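model-v4.cif follows; it contains mmCIF, C-alpha atoms.
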```
data_input
loop_
_atom_site.label_atom_id
_atom_site.label_comp_id
_atom_site.auth_asym_id
_atom_site.auth_seq_id
_atom_site.Cartn_x
_atom_site.Cartn_y
_atom_site.Cartn_z
CA MET A 260 94.39 53.59 -274.40
CA GLU A 261 94.53 50.87 -277.06
CA SER A 262 91.36 52.24 -278.67
CA GLY A 263 92.99 55.66 -279.07
CA ARG A 264 96.13 54.14 -280.53
CA LEU A 265 94.08 52.03 -282.94
CA GLN A 266 92.19 55.12 -284.08
CA TYR A 267 95.43 57.03 -284.57
CA LEU A 268 96.99 54.20 -286.58
CA GLN A 269 93.79 53.86 -288.61
CA ALA A 270 93.97 57.60 -289.36
CA LEU A 271 97.55 57.17 -290.58
CA VAL A 272 96.59 54.26 -292.83
CA THR A 273 93.64 56.22 -294.22
CA GLU A 274 95.82 59.28 -294.83
CA PHE A 275 98.42 57.16 -296.63
CA GLN A 276 95.77 55.69 -298.90
CA ALA A 277 93.90 58.95 -299.53
CA THR A 278 96.59 61.58 -299.94
CA GLU A 279 98.12 62.40 -303.28
CA SER A 280 101.01 64.33 -301.75
CA ALA A 281 104.24 62.34 -302.18
CA GLY A 282 105.78 64.03 -299.14
CA ALA A 283 102.79 63.27 -296.94
CA ARG A 284 102.77 59.63 -298.05
CA GLU A 285 106.46 59.32 -297.20
CA GLN A 286 105.97 60.90 -293.79
CA VAL A 287 102.99 58.68 -292.97
CA LEU A 288 104.79 55.52 -294.07
CA ALA A 289 107.83 56.53 -291.99
CA ASN A 290 105.54 56.96 -288.98
CA LEU A 291 103.95 53.56 -289.53
CA ALA A 292 107.41 51.97 -289.84
CA ASN A 293 108.37 53.57 -286.53
CA PHE A 294 105.21 52.23 -284.88
CA ALA A 295 106.17 48.77 -286.16
CA TYR A 296 109.29 48.99 -283.98
CA ASP A 297 107.17 48.62 -280.83
CA PRO A 298 105.95 45.02 -280.32
CA GLY A 299 102.94 46.40 -278.46
CA ASN A 300 101.71 47.85 -281.74
CA HIS A 301 102.05 44.64 -283.76
CA PRO A 302 98.51 43.33 -283.09
CA LEU A 303 97.03 46.69 -284.09
CA LEU A 304 99.15 46.91 -287.22
CA ARG A 305 98.12 43.38 -288.19
CA ARG A 306 94.47 44.29 -287.62
CA LEU A 307 94.89 47.28 -289.95
CA ARG A 308 96.72 45.16 -292.55
CA VAL A 309 99.76 47.43 -292.43
CA THR A 310 101.95 44.48 -293.45
CA ASP A 311 100.13 44.43 -296.80
CA LEU A 312 100.57 48.18 -297.08
CA PHE A 313 104.34 47.78 -296.55
CA LEU A 314 104.56 44.88 -299.01
CA ASP A 315 102.65 46.87 -301.64
CA ALA A 316 104.86 49.92 -301.08
CA LEU A 317 107.96 47.87 -301.99
CA GLY A 318 106.78 48.22 -305.59
CA GLU A 319 106.51 52.02 -305.45
CA PRO A 320 108.78 54.12 -307.69
CA SER A 321 109.78 56.34 -304.75
CA ASP A 322 113.05 55.27 -303.09
CA ALA A 323 111.85 56.88 -299.85
CA LEU A 324 108.59 54.89 -299.79
CA VAL A 325 110.49 51.67 -300.46
CA GLU A 326 112.98 52.52 -297.69
CA PHE A 327 110.25 53.14 -295.12
CA ALA A 328 108.23 50.10 -296.21
CA MET A 329 111.32 47.89 -295.99
CA GLY A 330 112.13 49.32 -292.55
CA GLY A 331 108.57 48.63 -291.40
CA LEU A 332 108.68 45.06 -292.66
CA CYS A 333 112.03 44.55 -290.98
CA ASN A 334 110.48 45.70 -287.70
CA LEU A 335 107.43 43.46 -288.15
CA CYS A 336 109.51 40.35 -288.95
CA LEU A 337 110.33 39.99 -285.27
CA ASP A 338 106.65 39.29 -284.55
CA LYS A 339 105.97 35.59 -285.09
CA ILE A 340 102.50 36.09 -286.58
CA SER A 341 103.67 38.86 -288.91
CA LYS A 342 106.69 36.78 -289.92
CA GLU A 343 104.44 33.87 -290.88
CA TYR A 344 102.15 36.23 -292.75
CA ILE A 345 105.02 37.77 -294.75
CA LEU A 346 106.27 34.30 -295.68
CA GLU A 347 102.79 33.10 -296.68
CA ALA A 348 102.16 36.31 -298.68
CA ASN A 349 105.24 35.60 -300.81
CA GLY A 350 106.97 38.60 -299.26
CA VAL A 351 110.47 37.16 -299.53
CA GLU A 352 110.79 37.85 -303.26
CA PRO A 353 110.06 41.59 -303.10
CA ILE A 354 112.39 41.82 -300.10
CA ILE A 355 115.14 40.10 -302.11
CA ASN A 356 114.49 42.61 -304.89
CA CYS A 357 115.28 45.39 -302.40
CA LEU A 358 118.86 44.09 -302.24
CA SER A 359 119.45 45.91 -305.53
CA SER A 360 118.26 49.26 -304.17
CA PRO A 361 120.70 52.17 -304.43
CA ASN A 362 119.54 53.21 -300.94
CA GLU A 363 121.81 51.88 -298.18
CA GLU A 364 119.09 51.83 -295.51
CA THR A 365 116.76 49.86 -297.78
CA VAL A 366 119.47 47.27 -298.41
CA MET A 367 120.37 47.04 -294.72
CA SER A 368 116.72 46.50 -293.78
CA ALA A 369 116.31 43.91 -296.55
CA VAL A 370 119.33 41.89 -295.40
CA THR A 371 118.15 42.05 -291.78
CA ALA A 372 114.60 41.08 -292.75
CA LEU A 373 115.90 38.07 -294.68
CA MET A 374 117.75 36.98 -291.55
CA TYR A 375 114.60 37.34 -289.45
CA LEU A 376 112.50 35.52 -292.06
CA THR A 377 114.83 32.54 -292.35
CA THR A 378 113.20 29.39 -291.01
CA PRO A 379 113.79 25.75 -291.90
CA GLN A 380 110.88 26.10 -294.35
CA SER A 381 111.97 29.41 -295.92
CA ARG A 382 115.74 28.86 -295.90
CA GLN A 383 115.78 27.61 -299.49
CA GLN A 384 114.31 30.93 -300.64
CA THR A 385 116.08 33.31 -298.25
CA THR A 386 119.48 31.76 -298.98
CA ALA A 387 118.98 31.06 -302.68
CA LEU A 388 122.14 31.17 -304.77
CA PRO A 389 121.58 34.72 -306.12
CA VAL A 390 121.09 35.97 -302.54
CA VAL A 391 124.30 34.29 -301.38
CA GLU A 392 126.18 35.76 -304.37
CA CYS A 393 124.83 39.17 -303.45
CA MET A 394 125.90 38.76 -299.84
CA LEU A 395 129.40 37.81 -300.99
CA ARG A 396 129.59 41.07 -302.94
CA PHE A 397 128.22 43.03 -300.00
CA SER A 398 130.77 41.40 -297.69
CA LEU A 399 133.50 43.05 -299.79
CA SER A 400 131.92 46.49 -299.56
CA ALA A 401 133.89 49.43 -298.18
CA ASN A 402 130.75 50.21 -296.18
CA ARG A 403 131.52 48.50 -292.86
CA ARG A 404 127.88 48.25 -291.78
CA LEU A 405 126.93 46.46 -294.98
CA SER A 406 130.07 44.34 -295.04
CA ASN A 407 129.59 43.20 -291.45
CA LEU A 408 125.89 42.43 -291.90
CA ALA A 409 126.55 40.44 -295.09
CA THR A 410 129.33 38.51 -293.37
CA ILE A 411 126.99 37.60 -290.52
CA PHE A 412 124.38 36.49 -293.06
CA LEU A 413 126.93 34.27 -294.83
CA GLU A 414 128.30 32.78 -291.61
CA ASP A 415 125.05 32.29 -289.70
CA TYR A 416 122.42 31.61 -292.36
CA CYS A 417 124.27 29.92 -295.21
CA THR A 418 126.04 26.61 -295.37
CA PRO A 419 129.72 26.50 -296.34
CA LEU A 420 128.67 24.62 -299.48
CA GLN A 421 126.29 27.43 -300.48
CA VAL A 422 129.00 30.04 -299.98
CA GLU A 423 131.55 28.03 -301.96
CA GLU A 424 129.10 27.47 -304.82
CA ALA A 425 128.32 31.19 -304.92
CA ARG A 426 132.05 32.02 -304.87
CA SER A 427 132.74 29.71 -307.79
CA LEU A 428 129.88 31.18 -309.82
CA SER A 429 130.92 34.75 -309.01
CA LYS A 430 134.35 34.07 -310.53
CA HIS A 431 132.69 33.44 -313.89
CA THR A 432 130.44 36.45 -314.14
CA ALA A 433 130.88 40.20 -314.20
CA VAL A 434 127.18 40.89 -313.75
CA GLY A 435 125.91 41.46 -310.26
CA ILE A 436 123.64 43.46 -308.07
CA PRO A 437 125.05 46.98 -307.68
CA LEU A 438 126.21 48.14 -304.28
CA PRO A 439 124.08 50.84 -302.65
CA ARG A 440 125.22 54.44 -302.64
CA ASP A 441 126.90 55.63 -299.46
#
```

Take the structure in the file and give it back as structure tokens.
Amino acid sequence: MESGRLQYLQALVTEFQATESAGAREQVLANLANFAYDPGNHPLLRRLRVTDLFLDALGEPSDALVEFAMGGLCNLCLDKISKEYILEANGVEPIINCLSSPNEETVMSAVTALMYLTTPQSRQQTTALPVVECMLRFSLSANRRLSNLATIFLEDYCTPLQVEEARSLSKHTAVGIPLPRD
């Protein structure tokens, strides 16, 4: 059974890398992100280096590819080995960059992934001042899903001092990360 699943996942990875069709690439990446939802697939996805594929896809010009890659990474962050790999591969920075995406699902996955990736060692990066400022803006969003998620991030992952510092800086600047489209 596992051999058949590995072959199928390998075929998806190969198709993603070989096809030139934008639609096919999006569909394959969406499928891989869905497979990342099942913890039973995590060892196979690690073996096929799908985490690297997702991280690389965060730099793609296609909003859809970035959305699916971010969703896949969010799913993989729950796996301890994948989480450590993402942190060691400097994956936090490209995930933070996804906070400025105009795509709501990409932003939601990025915020959630940052929560999952927060450890005592990574906290300084995942709750850096620009991230906290961004979460403050998101917490004021009319989008309830985004507002609630950002509020949880601020309350559960940031110190009161970090939030206050971000609030004081936000009062002095009009520049910020744009909110995603609804």

What do you get, as a ChimeraX atom specification, if you spell out every residue that the PyMOL selection byres ((chain A and resi 266-268) around 12) selects here?
/A:260-265,269-275,287-288,290-295,300-309

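When atom CA of Met394 of chain A is paired with atom CA of Thr310 of chain A, their separation reads 25.4 Å.
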
Could you tell me, as a PyMOL selection string, exactly which residues end up selected when the PyMOL selection byres ((chain A and resi 318) around 12) is applied to this structure?
chain A and resi 311-317+319-326+328-329+350+352-354+356-357+360

Could you dump the residues just selected with C-alpha atoms as a PDB file, in the frame of the given file?
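Below you can see again_20.pdb, which holds the result:
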```pdb
ATOM      1  CA  ASP A 311     100.130  44.430-296.800  1.00  0.00           C
ATOM      2  CA  LEU A 312     100.570  48.180-297.080  1.00  0.00           C
ATOM      3  CA  PHE A 313     104.340  47.780-296.550  1.00  0.00           C
ATOM      4  CA  LEU A 314     104.560  44.880-299.010  1.00  0.00           C
ATOM      5  CA  ASP A 315     102.650  46.870-301.640  1.00  0.00           C
ATOM      6  CA  ALA A 316     104.860  49.920-301.080  1.00  0.00           C
ATOM      7  CA  LEU A 317     107.960  47.870-301.990  1.00  0.00           C
ATOM      8  CA  GLU A 319     106.510  52.020-305.450  1.00  0.00           C
ATOM      9  CA  PRO A 320     108.780  54.120-307.690  1.00  0.00           C
ATOM     10  CA  SER A 321     109.780  56.340-304.750  1.00  0.00           C
ATOM     11  CA  ASP A 322     113.050  55.270-303.090  1.00  0.00           C
ATOM     12  CA  ALA A 323     111.850  56.880-299.850  1.00  0.00           C
ATOM     13  CA  LEU A 324     108.590  54.890-299.790  1.00  0.00           C
ATOM     14  CA  VAL A 325     110.490  51.670-300.460  1.00  0.00           C
ATOM     15  CA  GLU A 326     112.980  52.520-297.690  1.00  0.00           C
ATOM     16  CA  ALA A 328     108.230  50.100-296.210  1.00  0.00           C
ATOM     17  CA  MET A 329     111.320  47.890-295.990  1.00  0.00           C
ATOM     18  CA  GLY A 350     106.970  38.600-299.260  1.00  0.00           C
ATOM     19  CA  GLU A 352     110.790  37.850-303.260  1.00  0.00           C
ATOM     20  CA  PRO A 353     110.060  41.590-303.100  1.00  0.00           C
ATOM     21  CA  ILE A 354     112.390  41.820-300.100  1.00  0.00           C
ATOM     22  CA  ASN A 356     114.490  42.610-304.890  1.00  0.00           C
ATOM     23  CA  CYS A 357     115.280  45.390-302.400  1.00  0.00           C
ATOM     24  CA  SER A 360     118.260  49.260-304.170  1.00  0.00           C
TER      25      SER A 360
END
```

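Among the candidates A:Gln380, A:Ala277, A:Val422, A:Ala409, the one nearest to Val366 of chain A when counting all atoms listed in the file is A:Ala409.
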
I'd like the interatomic distance between atom CA of Leu408 of chain A and atom CA of Ala372 of chain A, to a tenth of an Å.
11.4 Å

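Our summary of the geometry notes that atom CA of Cys417 of chain A is positioned 9.9 Å from atom CA of Leu388 of chain A.
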
Spatial neighbours of Leu405 of chain A, 10 Å, all atoms listed in the file, chain gap at least 2 places, as a PyMOL selection string:
chain A and resi 363-364+366-367+370+394+396-403+407-411+438-439

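If you measure from each of A:Gln276, A:Leu376, A:Ala387, A:Ala289 to Asn349 of chain A using only C-alpha atoms, the closest one turns out to be A:Leu376.
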
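Among the candidate residues A:Ser368, A:Ser429, A:Thr377, A:Ser280, the one lying nearest to Val391 of chain A is A:Ser429, with distances computed using all atoms listed in the file.
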
Go through A:Glu279, A:Glu392, A:Glu424, A:Asp338 one by one, measure the shortest atom-to-atom distance of each to Gly299 of chain A using only C-alpha atoms, and give the residue with the smallest value.
A:Asp338

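Taking only C-alpha atoms into account, Ser341 of chain A lies nearest to A:Pro298 out of the set A:Glu423, A:Pro298, A:Ser359, A:Pro389.
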
Please return segment 374-406 of chain A, rebuilt to N, CA and C atoms, as a PDB file, keeping the file's coordinate frame.
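So out-v5.pdb came out as:
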```
ATOM      1  N   MET A 374     117.266  37.749-292.706  1.00  0.00           N
ATOM      2  CA  MET A 374     117.750  36.980-291.550  1.00  0.00           C
ATOM      3  C   MET A 374     116.567  36.594-290.649  1.00  0.00           C
ATOM      4  N   TYR A 375     115.740  37.587-290.332  1.00  0.00           N
ATOM      5  CA  TYR A 375     114.600  37.340-289.450  1.00  0.00           C
ATOM      6  C   TYR A 375     113.593  36.360-290.065  1.00  0.00           C
ATOM      7  N   LEU A 376     113.488  36.363-291.386  1.00  0.00           N
ATOM      8  CA  LEU A 376     112.500  35.520-292.060  1.00  0.00           C
ATOM      9  C   LEU A 376     113.011  34.108-292.341  1.00  0.00           C
ATOM     10  N   THR A 377     114.275  33.855-292.073  1.00  0.00           N
ATOM     11  CA  THR A 377     114.830  32.540-292.350  1.00  0.00           C
ATOM     12  C   THR A 377     114.346  31.530-291.309  1.00  0.00           C
ATOM     13  N   THR A 378     113.680  30.514-291.814  1.00  0.00           N
ATOM     14  CA  THR A 378     113.200  29.390-291.010  1.00  0.00           C
ATOM     15  C   THR A 378     113.622  28.125-291.763  1.00  0.00           C
ATOM     16  N   PRO A 379     113.480  26.971-291.142  1.00  0.00           N
ATOM     17  CA  PRO A 379     113.790  25.750-291.900  1.00  0.00           C
ATOM     18  C   PRO A 379     112.969  25.654-293.201  1.00  0.00           C
ATOM     19  N   GLN A 380     111.729  26.159-293.169  1.00  0.00           N
ATOM     20  CA  GLN A 380     110.880  26.100-294.350  1.00  0.00           C
ATOM     21  C   GLN A 380     111.231  27.159-295.398  1.00  0.00           C
ATOM     22  N   SER A 381     111.697  28.317-294.973  1.00  0.00           N
ATOM     23  CA  SER A 381     111.970  29.410-295.920  1.00  0.00           C
ATOM     24  C   SER A 381     113.435  29.505-296.330  1.00  0.00           C
ATOM     25  N   ARG A 382     114.293  28.744-295.666  1.00  0.00           N
ATOM     26  CA  ARG A 382     115.740  28.860-295.900  1.00  0.00           C
ATOM     27  C   ARG A 382     116.110  28.708-297.373  1.00  0.00           C
ATOM     28  N   GLN A 383     115.454  27.812-298.076  1.00  0.00           N
ATOM     29  CA  GLN A 383     115.780  27.610-299.490  1.00  0.00           C
ATOM     30  C   GLN A 383     115.582  28.903-300.282  1.00  0.00           C
ATOM     31  N   GLN A 384     114.576  29.679-299.936  1.00  0.00           N
ATOM     32  CA  GLN A 384     114.310  30.930-300.640  1.00  0.00           C
ATOM     33  C   GLN A 384     115.179  32.069-300.124  1.00  0.00           C
ATOM     34  N   THR A 385     115.326  32.189-298.805  1.00  0.00           N
ATOM     35  CA  THR A 385     116.080  33.310-298.250  1.00  0.00           C
ATOM     36  C   THR A 385     117.579  33.189-298.483  1.00  0.00           C
ATOM     37  N   THR A 386     118.051  31.962-298.704  1.00  0.00           N
ATOM     38  CA  THR A 386     119.480  31.760-298.980  1.00  0.00           C
ATOM     39  C   THR A 386     119.683  31.150-300.363  1.00  0.00           C
ATOM     40  N   ALA A 387     118.831  31.526-301.298  1.00  0.00           N
ATOM     41  CA  ALA A 387     118.980  31.060-302.680  1.00  0.00           C
ATOM     42  C   ALA A 387     120.322  31.553-303.226  1.00  0.00           C
ATOM     43  N   LEU A 388     120.828  30.870-304.217  1.00  0.00           N
ATOM     44  CA  LEU A 388     122.140  31.170-304.770  1.00  0.00           C
ATOM     45  C   LEU A 388     122.339  32.654-305.142  1.00  0.00           C
ATOM     46  N   PRO A 389     121.377  33.298-305.814  1.00  0.00           N
ATOM     47  CA  PRO A 389     121.580  34.720-306.120  1.00  0.00           C
ATOM     48  C   PRO A 389     121.702  35.593-304.864  1.00  0.00           C
ATOM     49  N   VAL A 390     120.999  35.221-303.795  1.00  0.00           N
ATOM     50  CA  VAL A 390     121.090  35.970-302.540  1.00  0.00           C
ATOM     51  C   VAL A 390     122.483  35.781-301.937  1.00  0.00           C
ATOM     52  N   VAL A 391     122.979  34.562-301.941  1.00  0.00           N
ATOM     53  CA  VAL A 391     124.300  34.290-301.380  1.00  0.00           C
ATOM     54  C   VAL A 391     125.372  35.020-302.196  1.00  0.00           C
ATOM     55  N   GLU A 392     125.236  35.010-303.526  1.00  0.00           N
ATOM     56  CA  GLU A 392     126.180  35.760-304.370  1.00  0.00           C
ATOM     57  C   GLU A 392     126.159  37.247-304.021  1.00  0.00           C
ATOM     58  N   CYS A 393     124.976  37.768-303.825  1.00  0.00           N
ATOM     59  CA  CYS A 393     124.830  39.170-303.450  1.00  0.00           C
ATOM     60  C   CYS A 393     125.500  39.448-302.110  1.00  0.00           C
ATOM     61  N   MET A 394     125.295  38.573-301.158  1.00  0.00           N
ATOM     62  CA  MET A 394     125.900  38.760-299.840  1.00  0.00           C
ATOM     63  C   MET A 394     127.419  38.691-299.924  1.00  0.00           C
ATOM     64  N   LEU A 395     127.946  37.851-300.798  1.00  0.00           N
ATOM     65  CA  LEU A 395     129.400  37.810-300.990  1.00  0.00           C
ATOM     66  C   LEU A 395     129.907  39.158-301.493  1.00  0.00           C
ATOM     67  N   ARG A 396     129.194  39.744-302.446  1.00  0.00           N
ATOM     68  CA  ARG A 396     129.590  41.070-302.940  1.00  0.00           C
ATOM     69  C   ARG A 396     129.487  42.112-301.836  1.00  0.00           C
ATOM     70  N   PHE A 397     128.394  42.074-301.085  1.00  0.00           N
ATOM     71  CA  PHE A 397     128.220  43.030-300.000  1.00  0.00           C
ATOM     72  C   PHE A 397     129.308  42.867-298.933  1.00  0.00           C
ATOM     73  N   SER A 398     129.749  41.638-298.707  1.00  0.00           N
ATOM     74  CA  SER A 398     130.770  41.400-297.690  1.00  0.00           C
ATOM     75  C   SER A 398     132.104  42.047-298.055  1.00  0.00           C
ATOM     76  N   LEU A 399     132.268  42.393-299.312  1.00  0.00           N
ATOM     77  CA  LEU A 399     133.500  43.050-299.790  1.00  0.00           C
ATOM     78  C   LEU A 399     133.344  44.562-299.861  1.00  0.00           C
ATOM     79  N   SER A 400     132.198  45.062-299.477  1.00  0.00           N
ATOM     80  CA  SER A 400     131.920  46.490-299.560  1.00  0.00           C
ATOM     81  C   SER A 400     132.820  47.293-298.627  1.00  0.00           C
ATOM     82  N   ALA A 401     133.152  48.497-299.041  1.00  0.00           N
ATOM     83  CA  ALA A 401     133.890  49.430-298.180  1.00  0.00           C
ATOM     84  C   ALA A 401     133.003  49.931-297.044  1.00  0.00           C
ATOM     85  N   ASN A 402     131.707  49.822-297.220  1.00  0.00           N
ATOM     86  CA  ASN A 402     130.750  50.210-296.180  1.00  0.00           C
ATOM     87  C   ASN A 402     130.792  49.145-295.083  1.00  0.00           C
ATOM     88  N   ARG A 403     131.327  49.477-293.934  1.00  0.00           N
ATOM     89  CA  ARG A 403     131.520  48.500-292.860  1.00  0.00           C
ATOM     90  C   ARG A 403     130.198  47.928-292.345  1.00  0.00           C
ATOM     91  N   ARG A 404     129.176  48.759-292.252  1.00  0.00           N
ATOM     92  CA  ARG A 404     127.880  48.250-291.780  1.00  0.00           C
ATOM     93  C   ARG A 404     127.368  47.152-292.709  1.00  0.00           C
ATOM     94  N   LEU A 405     127.417  47.428-293.999  1.00  0.00           N
ATOM     95  CA  LEU A 405     126.930  46.460-294.980  1.00  0.00           C
ATOM     96  C   LEU A 405     127.832  45.231-295.019  1.00  0.00           C
ATOM     97  N   SER A 406     129.118  45.452-295.006  1.00  0.00           N
ATOM     98  CA  SER A 406     130.070  44.340-295.040  1.00  0.00           C
ATOM     99  C   SER A 406     129.878  43.423-293.833  1.00  0.00           C
TER     100      SER A 406
END
```
